$ cat data-v8.cif   # mmCIF, C-alpha atoms and all ligand atoms
data_model
#
loop_
_atom_site.label_atom_id
_atom_site.label_comp_id
_atom_site.auth_asym_id
_atom_site.auth_seq_id
_atom_site.Cartn_x
_atom_site.Cartn_y
_atom_site.Cartn_z
CA MET D 1 0.00 0.00 0.00
CA LYS D 2 1.25 3.49 -0.95
CA TYR D 3 0.34 6.69 0.84
CA CYS D 4 0.42 10.41 0.12
CA PHE D 5 -0.05 13.77 1.76
CA GLY D 6 -2.36 16.53 0.58
CA ILE D 7 -1.87 19.99 2.04
CA ASP D 8 -3.87 23.17 1.66
CA ILE D 9 -2.22 26.34 2.93
CA GLY D 10 -4.72 28.97 4.03
CA GLY D 11 -4.22 32.40 5.55
CA THR D 12 -4.87 31.24 9.14
CA THR D 13 -4.58 27.44 9.10
CA ILE D 14 -2.81 24.79 7.06
CA LYS D 15 -5.03 21.79 6.34
CA MET D 16 -3.19 18.50 6.26
CA GLY D 17 -4.50 15.20 4.86
CA PHE D 18 -2.97 11.73 4.99
CA PHE D 19 -4.34 9.53 2.20
CA THR D 20 -3.93 6.19 0.52
CA ALA D 21 -2.72 6.61 -3.06
CA GLU D 22 -6.16 5.30 -4.12
CA GLY D 23 -7.81 8.39 -2.64
CA GLU D 24 -9.14 7.31 0.76
CA VAL D 25 -8.51 9.86 3.44
CA ILE D 26 -7.05 8.23 6.56
CA GLU D 27 -6.56 11.30 8.72
CA LYS D 28 -7.10 15.06 8.54
CA TRP D 29 -5.71 17.70 10.85
CA GLU D 30 -4.72 21.36 10.90
CA ILE D 31 -1.75 23.40 12.01
CA PRO D 32 -1.64 27.21 12.35
CA THR D 33 -0.23 29.29 9.48
CA ARG D 34 2.64 31.32 10.94
CA ARG D 35 2.67 34.28 8.59
CA GLU D 36 5.21 36.40 10.44
CA ASN D 37 8.46 37.38 8.64
CA GLY D 38 7.04 36.81 5.19
CA GLY D 39 5.72 33.35 6.07
CA GLU D 40 9.28 31.99 6.34
CA LYS D 41 8.36 29.35 8.94
CA VAL D 42 5.55 27.81 6.86
CA PRO D 43 7.68 25.36 4.81
CA GLN D 44 9.49 24.01 7.90
CA ASP D 45 6.22 23.74 9.87
CA ILE D 46 4.73 21.59 7.09
CA ALA D 47 7.87 19.44 6.83
CA ASP D 48 7.86 18.89 10.62
CA ALA D 49 4.19 17.87 10.60
CA ILE D 50 4.83 15.36 7.79
CA ALA D 51 7.93 13.94 9.50
CA ALA D 52 5.96 13.49 12.74
CA LYS D 53 3.13 11.67 10.92
CA CYS D 54 5.61 9.39 9.09
CA THR D 55 7.21 8.46 12.43
CA GLU D 56 3.83 7.89 14.08
CA LYS D 57 2.68 5.62 11.21
CA ASN D 58 6.08 3.97 10.91
CA LEU D 59 6.32 4.88 7.21
CA LYS D 60 9.43 4.56 5.06
CA LYS D 61 10.15 7.13 2.32
CA GLU D 62 9.37 4.55 -0.37
CA ASP D 63 5.85 4.04 1.07
CA VAL D 64 4.97 7.66 0.24
CA THR D 65 4.22 8.83 -3.33
CA GLY D 66 4.78 12.42 -2.28
CA VAL D 67 3.39 15.64 -0.88
CA GLY D 68 0.97 17.87 -2.78
CA ILE D 69 0.68 21.46 -1.63
CA GLY D 70 -2.10 23.91 -2.50
CA VAL D 71 -0.95 27.53 -2.26
CA PRO D 72 -3.26 30.59 -2.11
CA GLY D 73 -1.72 32.39 -5.11
CA PRO D 74 -0.48 31.80 -8.66
CA VAL D 75 1.83 28.78 -9.09
CA THR D 76 3.45 27.77 -12.39
CA GLY D 77 3.63 24.18 -13.68
CA ASP D 78 7.09 23.60 -12.14
CA GLY D 79 5.93 24.65 -8.66
CA THR D 80 7.22 28.23 -8.68
CA VAL D 81 5.20 30.68 -6.62
CA MET D 82 5.31 34.06 -8.32
CA LYS D 83 4.02 36.06 -5.38
CA CYS D 84 1.72 35.03 -2.59
CA ALA D 85 0.35 38.11 -0.82
CA ASN D 86 -1.72 35.99 1.62
CA LEU D 87 1.41 34.41 3.09
CA GLY D 88 3.89 37.19 2.38
CA TRP D 89 5.89 34.87 0.13
CA GLY D 90 8.00 36.22 -2.72
CA GLU D 91 9.09 34.22 -5.76
CA PHE D 92 10.60 30.76 -5.12
CA ASN D 93 10.29 27.15 -6.21
CA VAL D 94 8.13 25.40 -3.63
CA ASN D 95 8.70 21.91 -5.09
CA LYS D 96 12.47 22.26 -4.65
CA LYS D 97 12.32 23.83 -1.20
CA MET D 98 9.81 21.32 0.18
CA SER D 99 11.63 18.33 -1.35
CA GLU D 100 14.82 19.45 0.41
CA LEU D 101 12.99 19.78 3.72
CA THR D 102 10.99 16.52 3.56
CA GLY D 103 13.14 14.20 1.43
CA LEU D 104 9.93 13.40 -0.49
CA LYS D 105 8.68 14.38 -3.95
CA CYS D 106 6.68 17.60 -3.60
CA PHE D 107 4.21 19.20 -5.98
CA ALA D 108 2.84 22.70 -5.41
CA LEU D 109 -0.17 24.09 -7.22
CA ASN D 110 -2.65 26.92 -6.84
CA ASP D 111 -5.32 26.13 -4.21
CA ALA D 112 -8.29 26.51 -6.60
CA ASN D 113 -6.51 24.26 -9.10
CA ALA D 114 -5.98 21.75 -6.29
CA ALA D 115 -9.70 21.87 -5.50
CA ALA D 116 -10.48 21.28 -9.20
CA LEU D 117 -8.31 18.15 -9.21
CA GLY D 118 -9.87 16.99 -5.94
CA GLU D 119 -13.38 17.26 -7.39
CA LEU D 120 -12.18 15.37 -10.48
CA TRP D 121 -10.67 12.58 -8.37
CA ARG D 122 -13.25 12.07 -5.67
CA GLY D 123 -16.00 14.70 -5.97
CA GLY D 124 -18.51 16.16 -8.43
CA GLY D 125 -16.30 15.41 -11.44
CA LYS D 126 -15.47 11.82 -10.46
CA GLY D 127 -14.84 9.59 -13.44
CA LEU D 128 -14.33 12.51 -15.85
CA LYS D 129 -11.11 13.75 -17.46
CA ASN D 130 -12.09 17.27 -18.51
CA ILE D 131 -13.76 19.64 -16.07
CA VAL D 132 -13.88 23.30 -15.27
CA PHE D 133 -14.25 23.92 -11.54
CA ILE D 134 -15.65 27.22 -10.32
CA THR D 135 -15.61 28.24 -6.68
CA LEU D 136 -18.08 30.93 -5.65
CA GLY D 137 -17.08 32.39 -2.30
CA THR D 138 -15.95 35.83 -1.15
CA GLY D 139 -14.27 35.86 -4.56
CA VAL D 140 -14.57 33.65 -7.61
CA GLY D 141 -11.81 31.12 -8.26
CA GLY D 142 -11.44 28.37 -10.78
CA GLY D 143 -9.42 25.51 -12.14
CA ILE D 144 -9.33 23.92 -15.57
CA VAL D 145 -8.47 20.24 -15.92
CA ILE D 146 -7.99 18.90 -19.46
CA ASP D 147 -7.04 15.27 -20.08
CA GLY D 148 -6.52 14.96 -16.34
CA LYS D 149 -4.00 17.81 -16.20
CA ILE D 150 -4.29 21.28 -14.72
CA ILE D 151 -3.89 24.21 -17.12
CA SER D 152 -1.80 26.59 -15.01
CA GLY D 153 -0.24 28.74 -17.75
CA ILE D 154 2.96 30.75 -17.97
CA HIS D 155 2.15 33.02 -14.99
CA GLY D 156 0.09 30.49 -13.05
CA GLY D 157 -2.96 32.53 -14.09
CA GLY D 158 -4.73 29.70 -15.95
CA GLY D 159 -8.23 29.05 -14.63
CA GLU D 160 -8.63 32.51 -13.03
CA ILE D 161 -12.22 32.56 -14.20
CA GLY D 162 -13.22 35.20 -11.64
CA HIS D 163 -11.26 37.81 -13.54
CA ILE D 164 -12.80 37.29 -16.96
CA VAL D 165 -14.32 40.60 -18.13
CA VAL D 166 -18.09 40.20 -18.38
CA ASN D 167 -19.09 43.88 -18.39
CA PRO D 168 -16.63 46.40 -19.86
CA ASP D 169 -18.95 49.27 -18.87
CA GLU D 170 -18.76 48.54 -15.12
CA GLU D 171 -17.44 51.49 -13.10
CA ASP D 172 -16.87 49.70 -9.77
CA ILE D 173 -13.42 48.20 -9.30
CA CYS D 174 -12.66 44.48 -8.85
CA GLY D 175 -10.35 43.30 -6.03
CA CYS D 176 -7.61 42.84 -8.65
CA GLY D 177 -7.87 46.43 -9.88
CA GLY D 178 -9.75 45.67 -13.10
CA HIS D 179 -13.31 46.59 -14.07
CA GLY D 180 -16.37 44.44 -14.79
CA HIS D 181 -14.86 41.10 -13.82
CA LEU D 182 -17.04 38.03 -13.13
CA GLU D 183 -16.11 38.14 -9.43
CA GLN D 184 -17.95 41.48 -9.13
CA TYR D 185 -21.24 39.73 -9.98
CA ALA D 186 -20.96 36.05 -9.15
CA SER D 187 -19.23 36.04 -5.75
CA ALA D 188 -21.06 36.32 -2.42
CA THR D 189 -19.81 39.91 -2.19
CA GLY D 190 -20.75 40.52 -5.81
CA ILE D 191 -24.41 39.54 -5.50
CA VAL D 192 -24.75 41.61 -2.31
CA ARG D 193 -23.16 44.56 -4.13
CA MET D 194 -25.71 44.22 -6.93
CA ALA D 195 -28.55 43.87 -4.42
CA LYS D 196 -27.62 47.06 -2.56
CA LYS D 197 -27.52 48.99 -5.83
CA MET D 198 -30.90 47.61 -6.84
CA LEU D 199 -32.48 48.37 -3.44
CA LYS D 200 -31.06 51.91 -3.44
CA SER D 201 -32.72 52.64 -6.74
CA GLY D 202 -35.89 52.57 -4.58
CA SER D 203 -38.36 51.12 -7.05
CA THR D 204 -38.64 47.76 -5.30
CA ASP D 205 -40.93 46.44 -2.56
CA SER D 206 -38.68 43.44 -1.93
CA SER D 207 -38.48 41.58 1.39
CA LEU D 208 -34.74 42.28 1.17
CA LYS D 209 -35.41 45.96 1.88
CA GLU D 210 -35.67 45.42 5.66
CA LYS D 211 -32.22 43.75 5.76
CA GLU D 212 -30.65 46.26 3.39
CA ASN D 213 -27.79 47.26 5.72
CA ASP D 214 -26.56 43.80 6.72
CA LEU D 215 -27.72 41.81 3.75
CA THR D 216 -25.97 38.47 3.06
CA CYS D 217 -25.75 36.25 0.01
CA LYS D 218 -27.78 33.61 1.87
CA ASP D 219 -30.59 36.14 2.52
CA ILE D 220 -30.83 36.71 -1.22
CA PHE D 221 -30.99 33.01 -2.11
CA ASP D 222 -33.49 32.32 0.69
CA ALA D 223 -35.72 35.16 -0.56
CA ALA D 224 -35.42 33.88 -4.14
CA LYS D 225 -36.53 30.41 -3.04
CA ASN D 226 -39.54 32.09 -1.37
CA GLY D 227 -40.46 33.74 -4.65
CA ASP D 228 -39.23 37.29 -3.95
CA GLN D 229 -39.08 38.92 -7.41
CA THR D 230 -36.09 41.17 -6.71
CA ALA D 231 -34.11 38.25 -5.25
CA LEU D 232 -35.02 36.06 -8.22
CA GLU D 233 -33.86 38.81 -10.56
CA LEU D 234 -30.55 39.05 -8.66
CA VAL D 235 -29.93 35.30 -8.79
CA ASP D 236 -30.80 35.34 -12.48
CA LYS D 237 -28.38 38.19 -13.13
CA MET D 238 -25.59 36.49 -11.19
CA CYS D 239 -26.10 33.24 -13.11
CA PHE D 240 -26.35 35.11 -16.40
CA TYR D 241 -22.89 36.60 -15.89
CA LEU D 242 -21.48 33.24 -14.80
CA ALA D 243 -22.95 31.54 -17.89
CA PHE D 244 -21.65 34.39 -20.05
CA ALA D 245 -18.10 33.82 -18.77
CA LEU D 246 -18.47 30.05 -19.13
CA SER D 247 -19.52 30.47 -22.77
CA GLY D 248 -16.08 31.91 -23.38
CA VAL D 249 -14.52 29.05 -21.45
CA ALA D 250 -16.58 26.56 -23.48
CA ALA D 251 -15.32 28.01 -26.76
CA THR D 252 -11.77 27.72 -25.40
CA CYS D 253 -11.66 24.23 -23.90
CA ASP D 254 -15.13 22.62 -24.13
CA PRO D 255 -15.09 20.51 -20.91
CA GLU D 256 -17.35 17.56 -20.07
CA ALA D 257 -18.67 19.29 -16.97
CA TYR D 258 -18.70 22.54 -15.03
CA VAL D 259 -18.44 21.78 -11.32
CA ILE D 260 -19.60 24.60 -9.07
CA GLY D 261 -18.38 24.81 -5.46
CA GLY D 262 -17.62 27.37 -2.76
CA GLY D 263 -19.87 28.75 -0.03
CA VAL D 264 -22.41 30.26 -2.46
CA SER D 265 -22.99 26.83 -4.05
CA LYS D 266 -24.68 25.72 -0.80
CA ALA D 267 -27.76 27.40 -2.33
CA GLY D 268 -27.89 24.22 -4.43
CA SER D 269 -29.54 23.40 -7.75
CA ILE D 270 -31.07 26.87 -8.18
CA ILE D 271 -27.54 27.90 -9.27
CA THR D 272 -26.74 25.01 -11.61
CA ASP D 273 -30.23 25.14 -13.17
CA THR D 274 -30.14 28.90 -13.79
CA VAL D 275 -26.58 28.89 -15.12
CA LYS D 276 -27.46 25.99 -17.42
CA LYS D 277 -30.50 27.86 -18.77
CA HIS D 278 -28.42 30.90 -19.69
CA PHE D 279 -25.49 28.84 -20.94
CA TYR D 280 -27.61 26.89 -23.40
CA SER D 281 -29.49 29.94 -24.66
CA ASN D 282 -26.20 31.63 -25.35
CA ASN D 283 -23.93 29.11 -26.99
CA MET D 284 -22.84 27.40 -30.15
CA ASN D 285 -25.51 24.77 -30.67
CA VAL D 286 -22.97 21.95 -30.90
CA LEU D 287 -22.14 22.20 -27.19
CA THR D 288 -25.06 20.16 -25.93
CA LYS D 289 -23.52 17.53 -23.68
CA SER D 290 -21.70 19.57 -21.03
CA GLU D 291 -23.12 19.04 -17.57
CA PHE D 292 -23.51 21.45 -14.66
CA LYS D 293 -22.79 19.81 -11.33
CA LEU D 294 -22.41 20.84 -7.72
CA ALA D 295 -19.07 20.20 -6.02
CA GLU D 296 -19.11 17.48 -3.35
CA LEU D 297 -15.98 17.80 -1.25
CA GLY D 298 -16.53 21.23 0.31
CA ASN D 299 -13.44 22.58 2.08
CA ASP D 300 -11.63 19.27 1.68
CA ALA D 301 -11.39 19.51 -2.13
CA GLY D 302 -7.97 21.15 -1.88
CA ILE D 303 -6.29 18.43 0.20
CA TYR D 304 -7.78 15.72 -2.05
CA GLY D 305 -6.48 17.42 -5.19
CA ALA D 306 -3.07 18.12 -3.69
CA ALA D 307 -2.78 14.44 -2.71
CA TYR D 308 -3.91 13.41 -6.22
CA MET D 309 -1.05 15.47 -7.73
CA THR D 310 1.43 13.06 -6.16
CA THR D 311 -0.15 10.06 -7.90
CA ILE D 312 -0.20 11.48 -11.45
CA ASN D 313 3.34 12.86 -11.55
ZN ZN D 401 -10.64 41.05 -11.15
#
$ encode --input "data-v8.cif" --output "structure tokens"
Amino acid sequence: MKYCFGIDIGGTTIKMGFFTAEGEVIEKWEIPTRRENGGEKVPQDIADAIAAKCTEKNLKKEDVTGVGIGVPGPVTGDGTVMKCANLGWGEFNVNKKMSELTGLKCFALNDANAAALGELWRGGGKGLKNIVFITLGTGVGGGIVIDGKIISGIHGGGGEIGHIVVNPDEEDICGCGGHGHLEQYASATGIVRMAKKMLKSGSTDSSLKEKENDLTCKDIFDAAKNGDQTALELVDKMCFYLAFALSGVAATCDPEAYVIGGGVSKAGSIITDTVKKHFYSNNMNVLTKSEFKLAELGNDAGIYGAAYMTTIN
């Protein structure tokens, strides 16, 4: 039996997973992310946690296929982090550094790309080879897997679906500094932003009006499910922009399925159904077989995908 480690580095905690190479999780735990001094302690902390687990389980180096590491920033195909503002990291090769520290093969990748691979291996995209994963949370992230491989691109910017321009006339600014990006409409913050604008215009008698000041994404989806017209319009608009962006993705890589995850996806099939409606009214009529699925692994998608990286390299 072979084993592997899947790691997901977040801004406050590092999620660790110990797996069989077949994809069964044996143990999950977390360690704190020590971000001080440009996150310099993070690599050693991870290496120490792995060494401790190997000792505890009495594992030899040859029993372990490797360590996969999801990083919250752009990572190129050879494991180079360009810049990781969340951790304070500058440019360096994570694969090389972590291999030196652990004595194991190490594979770094962007955290959303890791989640995409995780969903392909054990989640909503199980059994498929070509998926586009979209995570709808505070922001919008994504990962593109074609023929079982992540498309990370020259800058590690491949799959950054949240920053596709969907409305060049938008005046508000995206978190990245651009204008009219998908994230400004399809993230939890984005739909609330749209809702506040709509409620301010005053012409609505929506149930959302009474919560106007501390409105959440969940409030909007709950109201939509109760038939509130303004909320339904907002959900429709959000899904329209998502489908609009995915039409461009479809014309670029034509995946078997779009797998939608992240906190916003807890709203369920109202999202996949509405996106699907707009996608199919908007597209080349040959693209009829692509499916729209909900992600299944939640916050664990990243450790699954990172672990999977060690078995395909
Ligand atoms: Zn942006």
$ residues_near_ligand --input "data-v8.cif" --ligand "ligand ZN 401 (chain D)" --cutoff "12 Å" --atoms "all atoms listed in the file" --output "MDAnalysis selection string"
chainID D and resid 139:141 157 160:168 170 172:187 190
$ write_last_selection --input "data-v8.cif" --atoms "C-alpha atoms" --output "PDB file, in the coordinates of the input"
ATOM      1  CA  GLY D 139     -14.270  35.860  -4.560  1.00  0.00           C
ATOM      2  CA  VAL D 140     -14.570  33.650  -7.610  1.00  0.00           C
ATOM      3  CA  GLY D 141     -11.810  31.120  -8.260  1.00  0.00           C
ATOM      4  CA  GLY D 157      -2.960  32.530 -14.090  1.00  0.00           C
ATOM      5  CA  GLU D 160      -8.630  32.510 -13.030  1.00  0.00           C
ATOM      6  CA  ILE D 161     -12.220  32.560 -14.200  1.00  0.00           C
ATOM      7  CA  GLY D 162     -13.220  35.200 -11.640  1.00  0.00           C
ATOM      8  CA  HIS D 163     -11.260  37.810 -13.540  1.00  0.00           C
ATOM      9  CA  ILE D 164     -12.800  37.290 -16.960  1.00  0.00           C
ATOM     10  CA  VAL D 165     -14.320  40.600 -18.130  1.00  0.00           C
ATOM     11  CA  VAL D 166     -18.090  40.200 -18.380  1.00  0.00           C
ATOM     12  CA  ASN D 167     -19.090  43.880 -18.390  1.00  0.00           C
ATOM     13  CA  PRO D 168     -16.630  46.400 -19.860  1.00  0.00           C
ATOM     14  CA  GLU D 170     -18.760  48.540 -15.120  1.00  0.00           C
ATOM     15  CA  ASP D 172     -16.870  49.700  -9.770  1.00  0.00           C
ATOM     16  CA  ILE D 173     -13.420  48.200  -9.300  1.00  0.00           C
ATOM     17  CA  CYS D 174     -12.660  44.480  -8.850  1.00  0.00           C
ATOM     18  CA  GLY D 175     -10.350  43.300  -6.030  1.00  0.00           C
ATOM     19  CA  CYS D 176      -7.610  42.840  -8.650  1.00  0.00           C
ATOM     20  CA  GLY D 177      -7.870  46.430  -9.880  1.00  0.00           C
ATOM     21  CA  GLY D 178      -9.750  45.670 -13.100  1.00  0.00           C
ATOM     22  CA  HIS D 179     -13.310  46.590 -14.070  1.00  0.00           C
ATOM     23  CA  GLY D 180     -16.370  44.440 -14.790  1.00  0.00           C
ATOM     24  CA  HIS D 181     -14.860  41.100 -13.820  1.00  0.00           C
ATOM     25  CA  LEU D 182     -17.040  38.030 -13.130  1.00  0.00           C
ATOM     26  CA  GLU D 183     -16.110  38.140  -9.430  1.00  0.00           C
ATOM     27  CA  GLN D 184     -17.950  41.480  -9.130  1.00  0.00           C
ATOM     28  CA  TYR D 185     -21.240  39.730  -9.980  1.00  0.00           C
ATOM     29  CA  ALA D 186     -20.960  36.050  -9.150  1.00  0.00           C
ATOM     30  CA  SER D 187     -19.230  36.040  -5.750  1.00  0.00           C
ATOM     31  CA  GLY D 190     -20.750  40.520  -5.810  1.00  0.00           C
TER      32      GLY D 190
END
$ residues_around --input "data-v8.cif" --residues "Ile150 (chain D)" --least-positions-apart "6" --cutoff "8 Å" --atoms "all atoms listed in the file" --output "MDAnalysis selection string"
chainID D and resid 113 117 143:144
$ write_last_selection --input "data-v8.cif" --atoms "C-alpha atoms" --output "short mmCIF file (atom, residue, chain, number, x, y, z; two decimals), keeping the file's coordinate frame"
data_model
loop_
_atom_site.label_atom_id
_atom_site.label_comp_id
_atom_site.auth_asym_id
_atom_site.auth_seq_id
_atom_site.Cartn_x
_atom_site.Cartn_y
_atom_site.Cartn_z
CA ASN D 113 -6.51 24.26 -9.10
CA LEU D 117 -8.31 18.15 -9.21
CA GLY D 143 -9.42 25.51 -12.14
CA ILE D 144 -9.33 23.92 -15.57
#
$ atom_distance --input "data-v8.cif" --atom1 "CA of Leu232 (chain D)" --atom2 "CA of Gly125 (chain D)"
28.1 Å
$ closest_residue --input "data-v8.cif" --among "D:Asn95, D:Thr55, D:Asn313, D:Gln44" --to "Ile69 (chain D)" --atoms "only C-alpha atoms"
D:Asn95
$ closest_atom_pairs --input "data-v8.cif" --of "region 177-246 of chain D" --to "region 254-259 of chain D" --cutoff "12 Å" --atoms "all atoms listed in the file" --output "Markdown table"
| residue | atom | partner | partner_atom | distance |
| --- | --- | --- | --- | --- |
| D:Leu242 | CA | D:Tyr258 | CA | 11.1 |
| D:Ala243 | CA | D:Tyr258 | CA | 10.4 |
| D:Ala245 | CA | D:Tyr258 | CA | 11.9 |
| D:Leu246 | CA | D:Tyr258 | CA | 8.6 |
$ closest_atom_pairs --input "data-v8.cif" --of "region 94-129 of chain D" --to "region 289-307 of chain D" --cutoff "6 Å" --atoms "all atoms listed in the file" --output "CSV"
residue,atom,partner,partner_atom,distance
D:Ala114,CA,D:Gly305,CA,4.5
D:Ala115,CA,D:Gly302,CA,4.1
D:Leu117,CA,D:Gly305,CA,4.5
D:Gly118,CA,D:Gly305,CA,3.5
D:Gly123,CA,D:Glu296,CA,4.9
D:Gly124,CA,D:Ala295,CA,4.7
$ residues_around --input "data-v8.cif" --residues "Gly79 (chain D)" --least-positions-apart "4" --cutoff "6 Å" --atoms "all atoms listed in the file" --output "count of residues only"
5
$ closest_residue --input "data-v8.cif" --among "D:Pro72, D:Ala195, D:Lys211, D:Lys200" --to "Gly156 (chain D)" --atoms "only C-alpha atoms"
D:Pro72
$ closest_residue --input "data-v8.cif" --among "D:Gly103, D:Gly142, D:Pro74, D:Gly90" --to "Ile154 (chain D)" --atoms "only C-alpha atoms"
D:Pro74
$ atom_distance --input "data-v8.cif" --atom1 "CA of Ile14 (chain D)" --atom2 "CA of Thr33 (chain D)"
5.7 Å
$ closest_residue --input "data-v8.cif" --among "D:Cys239, D:Met198, D:Ala188, D:Val25" --to "Asp219 (chain D)" --atoms "only C-alpha atoms"
D:Ala188
$ closest_residue --input "data-v8.cif" --among "D:Thr13, D:Asn226, D:Ser152, D:Ser281" --to "Val81 (chain D)" --atoms "all atoms listed in the file"
D:Ser152
$ closest_residue --input "data-v8.cif" --among "D:Leu136, D:Glu91, D:Gly77, D:Thr310" --to "Thr20 (chain D)" --atoms "only C-alpha atoms"
D:Thr310
$ atom_distance --input "data-v8.cif" --atom1 "CA of Cys253 (chain D)" --atom2 "CA of Gly159 (chain D)"
11.0 Å
